[in-house]
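> Handing you this structure, nothing more for now.
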Amino acid sequence: MIKYDLKCDNAHVFEAWFKNSAAYDEQVAAGDILCVVCGSMKIDKAPMAPAVPRKGNTIEMRRAELARKQSQEAAMAVSALRELRRQVEENCDYVGPHFAEEARKIHYGEVPRHGIYGEATPDEQRELIDEGIEVTTIPWLPTTDA
């Protein structure tokens with residue numbers, strides 16, 4: 001196993017473990033590596049000092065394993081949020097800042113039920129919830145790496 005410090009085009013630095021350097025090269029070429037902070041796929045190796053573990057350094061080994069797992073979990077979360085956004089955009093109507101108004105129309109039967117998404121202020125969200133209208137806030141990740 002080999003650990004690289006990686007850096008995205010937005011200057012976020014994170015670490016990742018690979019079977020060998022060829023595995024890193026293959027994953028970068030395939031676009032399989034995402035920045036754990038912003039989801040960018042433009043990744044390069046960051047400058048790093050070589051880590052030579054001492055024999056029996058189990059605390060450092062556990063920390064490295066934990067960091068690797070956290071990095072993988074963060075990448076999976078970013079991927080899941082991107083997929084959620086794609087599904088919402090494909091299957092729901094964007095109503096922009098008129099979200100609260102449109103949600104009420106649907107709730108009170110003024111228009112047929114259908115999925116919508118848009119923006120609402122925290123006060124509008126509280127009012128909708130007080131009226132018994134289900135709403136939720138989703139972290140909206142950018143759709144591109146730019």
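Just so we're on the same page: first chain in the structure tokens is A, next is B, and so on; residues restart at 1 for each chain, and ligands are numbered from 1 in the order they show up.
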Run DSSP on the backbone of this structure and report the residues of stretch 16-114 of chain A it assigns to helix (DSSP H, G or I), as number ranges by chain.
A: 21-30, 58-91, 99-107
> Taking 2 positions as the minimum chain separation for residues in the same chain, which residues sit within 12 Å of A:Val13 when counting only C-alpha atoms? Answer as a short mmCIF file (atom, residue, chain, number, x, y, z; two decimals) with all heavy atoms, in the first residue's frame.

data_model
loop_
_atom_site.label_atom_id
_atom_site.label_comp_id
_atom_site.auth_asym_id
_atom_site.auth_seq_id
_atom_site.Cartn_x
_atom_site.Cartn_y
_atom_site.Cartn_z
N TYR A 4 -0.67 8.71 -0.75
CA TYR A 4 -0.32 9.96 -1.41
C TYR A 4 -1.11 11.09 -0.79
O TYR A 4 -2.30 10.94 -0.44
CB TYR A 4 -0.66 9.92 -2.90
CG TYR A 4 0.24 9.05 -3.72
CD1 TYR A 4 -0.31 8.12 -4.61
CD2 TYR A 4 1.62 9.14 -3.65
CE1 TYR A 4 0.51 7.32 -5.40
CE2 TYR A 4 2.44 8.34 -4.43
CZ TYR A 4 1.88 7.44 -5.29
OH TYR A 4 2.68 6.65 -6.07
N ASP A 5 -0.47 12.23 -0.64
CA ASP A 5 -1.20 13.46 -0.36
C ASP A 5 -1.64 13.97 -1.72
O ASP A 5 -0.84 14.08 -2.64
CB ASP A 5 -0.31 14.50 0.32
CG ASP A 5 -0.05 14.16 1.78
OD1 ASP A 5 -0.83 13.36 2.34
OD2 ASP A 5 0.91 14.70 2.35
N LEU A 6 -2.94 14.24 -1.85
CA LEU A 6 -3.49 14.70 -3.12
C LEU A 6 -4.01 16.11 -2.96
O LEU A 6 -4.37 16.56 -1.87
CB LEU A 6 -4.62 13.76 -3.56
CG LEU A 6 -4.24 12.28 -3.69
CD1 LEU A 6 -5.45 11.45 -4.07
CD2 LEU A 6 -3.12 12.10 -4.69
N LYS A 7 -4.07 16.82 -4.10
CA LYS A 7 -4.52 18.21 -4.09
C LYS A 7 -5.42 18.41 -5.31
O LYS A 7 -5.07 18.03 -6.42
CB LYS A 7 -3.31 19.14 -4.15
CG LYS A 7 -3.64 20.61 -4.06
CD LYS A 7 -2.34 21.42 -4.04
CE LYS A 7 -2.60 22.89 -3.91
NZ LYS A 7 -1.35 23.66 -3.89
N CYS A 8 -6.58 19.02 -5.08
CA CYS A 8 -7.48 19.30 -6.20
C CYS A 8 -7.17 20.68 -6.79
O CYS A 8 -6.35 21.43 -6.23
CB CYS A 8 -8.95 19.22 -5.77
SG CYS A 8 -9.52 20.66 -4.83
N ASP A 9 -7.82 21.02 -7.88
CA ASP A 9 -7.58 22.31 -8.52
C ASP A 9 -8.10 23.48 -7.70
O ASP A 9 -7.83 24.63 -8.02
CB ASP A 9 -8.15 22.33 -9.94
CG ASP A 9 -9.65 22.07 -9.97
OD1 ASP A 9 -10.18 21.40 -9.05
OD2 ASP A 9 -10.30 22.53 -10.92
N ASN A 10 -8.83 23.20 -6.60
CA ASN A 10 -9.29 24.25 -5.69
C ASN A 10 -8.40 24.34 -4.45
O ASN A 10 -8.79 24.93 -3.46
CB ASN A 10 -10.74 24.00 -5.28
CG ASN A 10 -11.67 24.15 -6.46
OD1 ASN A 10 -11.59 25.12 -7.20
ND2 ASN A 10 -12.56 23.20 -6.66
N ALA A 11 -7.24 23.68 -4.51
CA ALA A 11 -6.21 23.72 -3.46
C ALA A 11 -6.58 22.97 -2.19
O ALA A 11 -6.00 23.19 -1.15
CB ALA A 11 -5.81 25.16 -3.14
N GLU A 15 -5.52 13.00 1.80
CA GLU A 15 -4.68 11.84 1.54
C GLU A 15 -5.53 10.67 1.09
O GLU A 15 -6.72 10.60 1.40
CB GLU A 15 -3.85 11.47 2.76
CG GLU A 15 -4.64 10.99 3.95
CD GLU A 15 -3.75 10.64 5.13
OE1 GLU A 15 -2.71 11.31 5.32
OE2 GLU A 15 -4.10 9.71 5.85
N ALA A 16 -4.90 9.76 0.37
CA ALA A 16 -5.57 8.56 -0.10
C ALA A 16 -4.55 7.44 -0.21
O ALA A 16 -3.37 7.68 -0.45
CB ALA A 16 -6.24 8.82 -1.45
N LEU A 34 -12.14 11.73 -6.37
CA LEU A 34 -12.80 13.01 -6.17
C LEU A 34 -12.20 13.70 -4.96
O LEU A 34 -11.83 13.03 -3.99
CB LEU A 34 -14.29 12.81 -5.90
CG LEU A 34 -15.13 12.15 -6.97
CD1 LEU A 34 -16.53 11.92 -6.45
CD2 LEU A 34 -15.18 13.02 -8.20
N CYS A 35 -12.16 15.01 -4.99
CA CYS A 35 -11.75 15.77 -3.81
C CYS A 35 -12.80 15.53 -2.73
O CYS A 35 -14.00 15.65 -2.98
CB CYS A 35 -11.65 17.26 -4.14
SG CYS A 35 -11.36 18.28 -2.67
N VAL A 36 -12.35 15.20 -1.53
CA VAL A 36 -13.27 14.92 -0.44
C VAL A 36 -13.95 16.18 0.09
O VAL A 36 -14.94 16.09 0.81
CB VAL A 36 -12.58 14.17 0.71
CG1 VAL A 36 -12.02 12.85 0.22
CG2 VAL A 36 -11.46 15.01 1.33
N VAL A 37 -13.46 17.35 -0.29
CA VAL A 37 -14.05 18.60 0.17
C VAL A 37 -15.06 19.15 -0.83
O VAL A 37 -16.19 19.45 -0.48
CB VAL A 37 -12.95 19.65 0.46
CG1 VAL A 37 -13.55 20.98 0.89
CG2 VAL A 37 -11.97 19.14 1.50
N CYS A 38 -14.65 19.24 -2.11
CA CYS A 38 -15.52 19.89 -3.10
C CYS A 38 -15.99 18.98 -4.21
O CYS A 38 -16.81 19.37 -5.03
CB CYS A 38 -14.82 21.11 -3.70
SG CYS A 38 -13.38 20.68 -4.73
N SER A 40 -14.20 17.90 -6.75
CA SER A 40 -13.48 18.10 -8.01
C SER A 40 -12.79 16.82 -8.43
O SER A 40 -12.30 16.05 -7.60
CB SER A 40 -12.44 19.21 -7.85
OG SER A 40 -11.64 19.30 -9.01
N ILE A 43 -7.34 16.18 -9.97
CA ILE A 43 -6.51 15.81 -8.83
C ILE A 43 -5.07 15.61 -9.27
O ILE A 43 -4.80 15.04 -10.32
CB ILE A 43 -7.02 14.48 -8.22
CG1 ILE A 43 -8.51 14.56 -7.84
CG2 ILE A 43 -6.17 14.06 -7.03
CD1 ILE A 43 -8.84 15.54 -6.76
N ASP A 44 -4.14 16.08 -8.46
CA ASP A 44 -2.71 15.85 -8.64
C ASP A 44 -2.12 15.47 -7.30
O ASP A 44 -2.70 15.73 -6.24
CB ASP A 44 -2.00 17.12 -9.14
CG ASP A 44 -2.33 17.44 -10.60
OD1 ASP A 44 -2.24 16.51 -11.43
OD2 ASP A 44 -2.65 18.60 -10.88
N LYS A 45 -0.92 14.88 -7.35
CA LYS A 45 -0.20 14.58 -6.12
C LYS A 45 0.31 15.89 -5.53
O LYS A 45 0.80 16.75 -6.25
CB LYS A 45 0.98 13.66 -6.40
CG LYS A 45 0.58 12.26 -6.82
CD LYS A 45 1.83 11.44 -7.09
CE LYS A 45 1.48 10.14 -7.78
NZ LYS A 45 2.69 9.43 -8.22
N ALA A 46 0.14 16.03 -4.22
CA ALA A 46 0.67 17.20 -3.52
C ALA A 46 2.07 16.87 -3.02
O ALA A 46 2.39 15.70 -2.78
CB ALA A 46 -0.24 17.56 -2.35
N PRO A 47 2.91 17.87 -2.86
CA PRO A 47 4.24 17.60 -2.30
C PRO A 47 4.09 16.99 -0.91
O PRO A 47 3.24 17.40 -0.13
CB PRO A 47 4.89 18.98 -2.21
CG PRO A 47 4.10 19.85 -3.13
CD PRO A 47 2.72 19.28 -3.18
N MET A 48 4.91 15.99 -0.63
CA MET A 48 4.83 15.34 0.68
C MET A 48 6.18 14.76 1.06
O MET A 48 6.99 14.45 0.20
CB MET A 48 3.77 14.24 0.68
CG MET A 48 3.97 13.14 -0.36
SD MET A 48 2.65 11.94 -0.40
CE MET A 48 3.27 10.72 0.72
N SER A 71 -11.74 9.35 4.42
CA SER A 71 -11.61 9.89 3.07
C SER A 71 -12.54 9.16 2.11
O SER A 71 -13.23 9.79 1.29
CB SER A 71 -10.16 9.76 2.60
OG SER A 71 -10.02 10.23 1.29
#
> Considering only C-alpha atoms, return as a PyMOL selection string whatever protein or nucleic-acid residues lie within 12 Å of A:Ala100, sequence-local ones (same chain, fewer than 6 positions apart) excluded.
chain A and resi 106-107+116-129+131+133-136
> For a test of reading the model, state the distance in Å between atom CA of A:Val78 and atom CA of A:Cys92, rounded to one decimal.
20.7 Å
> From the set A:Met41, A:Ile138, A:Leu66, A:Val28, which residue has the shortest atom-to-atom contact distance to A:Leu81, counting only C-alpha atoms?
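Nearest candidate to A:Leu81 out of A:Met41, A:Ile138, A:Leu66, A:Val28: A:Ile138.
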> Can you tell me, as a list in words, what residues are no more than 12 Å from A:Ala22 when counting only C-alpha atoms, ignoring any on the same chain fewer than 6 positions away?
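So, after excluding close chain neighbours, the residues are Met1, Ile2, Val28 and Ala29 of chain A.
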